[in-house]
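Working notes, structure below.
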Amino acid sequence: MSLPGWQAFRAEHHDKGIEVVTVALDSGGAAAAQQWIAAAQPDHPSLIDEGHITDELFGFVNVPMAVWIDEDGMIVRPAEPASIEQSALRDLEVPEGLPDRMREMLVAVKEIRDDSAAYRAALVDWIENGAQSAYALSPDEVVARSQPRGRAEAEAAACFELGRDAHLAGDVTAAVHWWREAHRLDPSNWTYKRQAWSIASTEPGAPSDLMQGPTDEYEGNWLDDVKAIGGGENYYNEFRP
Amino acid sequence: MLTTTLEIASTDFESTTGWAIKPEGACRGEVCVPLPPEARLEAGKVRLDVVAHRLGAPLVHDEGRGLYAVGPSTLGGRALPSARAPRLELPTIDGARFDLSALHGMKTVLVAWASW
């Protein structure tokens, strides 16, 4: 995720009638997001979503994901993976001599699908052509393409919120209980998992642990869960025009 | 949303779930779900368990901490019951309140990211 990339995109296109709004899904609140936002020096609104309520409202299940909203307040594309520039890690040579899990993780990260050029071009097309853009979907299509939400996904959201409240209150046992329950109910939601793994595997005050597990608290971790879905190429859904 | 009581202000219900309590029922965009009389209480409050049940939204109780959490609606089986953007109000990094409706008249791309 590149906040500087979105700031640059905004500077290039804002005068055509588009606003970028970023929302940080961070149970650590502004303190967790501050340094990244400060480095990007955004001119656009930078929101803080401690409770992951935008997960519920829009269907975000990983980051980065985005929705497009037109001038009348209608969503014209539901939550979908939203990179506008290629990850710097993609061309990284995996160094020799790394610990096995670190090497496997870098390999998996390099396998992550890169649709950034197509996504960026689609977004520019919509900015320039509005409702005439082939990428602006009908209301029925927007609803149909939004994330699945059955009983398990909805209950996972409630459990995640209970875990987040317990975490803020310093009740680690309750937080882990409810977050484990959220992971069990909705294993496809990476925001619930990555948030919890990161907290469990990161020392207070330290930068987020990129490995995100394994930890004693949770059964899953980034590398093993990515392997379980067949590898990095399945981490994000393919961009669908 | 989280609450310690099952009797909550309808405005709080809307701001956290996206469902507005109107005379015709609980509404999001053009979708309105009629509510039974026992859902509505005095002073603009609603009975959370009744409204949640009508919306197919799970209600999870943390007995140890005395909290209820209501999950999102499962009506229609998708995250978006309507293509109309829900009301969204969140703090900015500067601590100000931001209301997404302030951008009415512009195109908006709402991008989720995280520090983790």
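In the structure tokens, chains take the letters A, B, ... in the order shown, each chain's residues start at 1, and ligands count up from 1 in the order shown.
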
>> Distance limit 9 Å, atoms considered: only C-alpha atoms. Which chain B residues sit that close to chain A? Return them as an MDAnalysis selection string.
In response: chainID B and resid 1:2 16:18 56:62 64:65 67:88 90:95 97:98 100:101 103:116

Write to file, as a short mmCIF file (atom, residue, chain, number, x, y, z; two decimals), in the first residue's frame, the residues of the selection just made, with C-alpha atoms.
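Final output, again27.cif:
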```cif
data_model
loop_
_atom_site.label_atom_id
_atom_site.label_comp_id
_atom_site.auth_asym_id
_atom_site.auth_seq_id
_atom_site.Cartn_x
_atom_site.Cartn_y
_atom_site.Cartn_z
CA MET B 1 -21.88 -1.86 16.96
CA LEU B 2 -21.24 -2.39 20.67
CA THR B 16 -22.59 2.29 13.09
CA THR B 17 -24.66 -0.02 10.89
CA GLY B 18 -25.74 2.22 7.99
CA GLY B 56 -30.81 -10.87 9.84
CA ALA B 57 -27.98 -9.32 11.86
CA PRO B 58 -26.35 -11.53 14.52
CA LEU B 59 -26.32 -10.33 18.11
CA VAL B 60 -23.37 -11.68 20.11
CA HIS B 61 -23.26 -11.31 23.89
CA ASP B 62 -20.02 -11.09 25.87
CA GLY B 64 -18.04 -11.54 31.01
CA ARG B 65 -17.67 -7.95 29.90
CA LEU B 67 -21.41 -6.15 26.14
CA TYR B 68 -23.57 -6.84 23.13
CA ALA B 69 -22.19 -6.67 19.59
CA VAL B 70 -24.48 -6.57 16.60
CA GLY B 71 -23.01 -7.68 13.29
CA PRO B 72 -24.02 -6.45 9.85
CA SER B 73 -27.25 -7.43 8.11
CA THR B 74 -27.26 -10.62 6.06
CA LEU B 75 -30.31 -9.64 3.99
CA GLY B 76 -29.56 -10.38 0.35
CA GLY B 77 -26.42 -12.27 1.29
CA ARG B 78 -24.04 -9.52 0.13
CA ALA B 79 -22.07 -6.84 1.97
CA LEU B 80 -23.98 -4.10 0.14
CA PRO B 81 -27.77 -4.32 0.43
CA SER B 82 -27.96 -1.25 -1.82
CA ALA B 83 -25.58 0.61 -4.13
CA ARG B 84 -26.31 3.86 -2.32
CA ALA B 85 -23.28 4.69 -0.18
CA PRO B 86 -24.10 4.37 3.51
CA ARG B 87 -23.64 7.29 5.85
CA LEU B 88 -20.03 7.33 7.04
CA LEU B 90 -15.12 8.93 11.09
CA PRO B 91 -12.35 10.97 12.70
CA THR B 92 -9.52 12.26 10.56
CA ILE B 93 -5.89 11.94 11.58
CA ASP B 94 -6.21 15.49 12.98
CA GLY B 95 -9.11 14.48 15.24
CA ARG B 97 -15.01 14.55 12.32
CA PHE B 98 -15.36 13.80 8.63
CA LEU B 100 -18.48 11.34 3.62
CA SER B 101 -21.60 13.19 2.42
CA LEU B 103 -18.09 15.09 -0.93
CA HIS B 104 -21.51 15.00 -2.61
CA GLY B 105 -21.05 16.41 -6.11
CA MET B 106 -17.56 14.93 -6.54
CA LYS B 107 -16.36 11.51 -7.49
CA THR B 108 -14.75 9.75 -4.54
CA VAL B 109 -12.43 6.80 -4.25
CA LEU B 110 -12.48 5.48 -0.68
CA VAL B 111 -9.29 3.48 -0.09
CA ALA B 112 -8.80 1.13 2.86
CA TRP B 113 -5.24 0.62 4.07
CA ALA B 114 -3.54 -0.29 7.37
CA SER B 115 -0.26 0.08 9.18
CA TRP B 116 0.02 -3.68 9.79
#
```

>> So that I can check the secondary structure, give me every residue of region 23-199 of chain A assigned strand (DSSP E or B) by backbone DSSP, as a PyMOL selection string.
In response: chain A and resi 23-25+46-49+65-69+74-81+148

>> What's the separation between CA of Trp179 (chain A) and CA of Gly231 (chain A), in Å to one decimal place?
In response: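 Atom-to-atom, CA of Trp179 (chain A) and CA of Gly231 (chain A) are spaced 23.7 Å apart.
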
> Residues at most 7 Å from region 8-12 of chain B, counting only C-alpha atoms, excluding those fewer than 5 positions away in the same chain, as a count of residues only?
Replying inline: 6
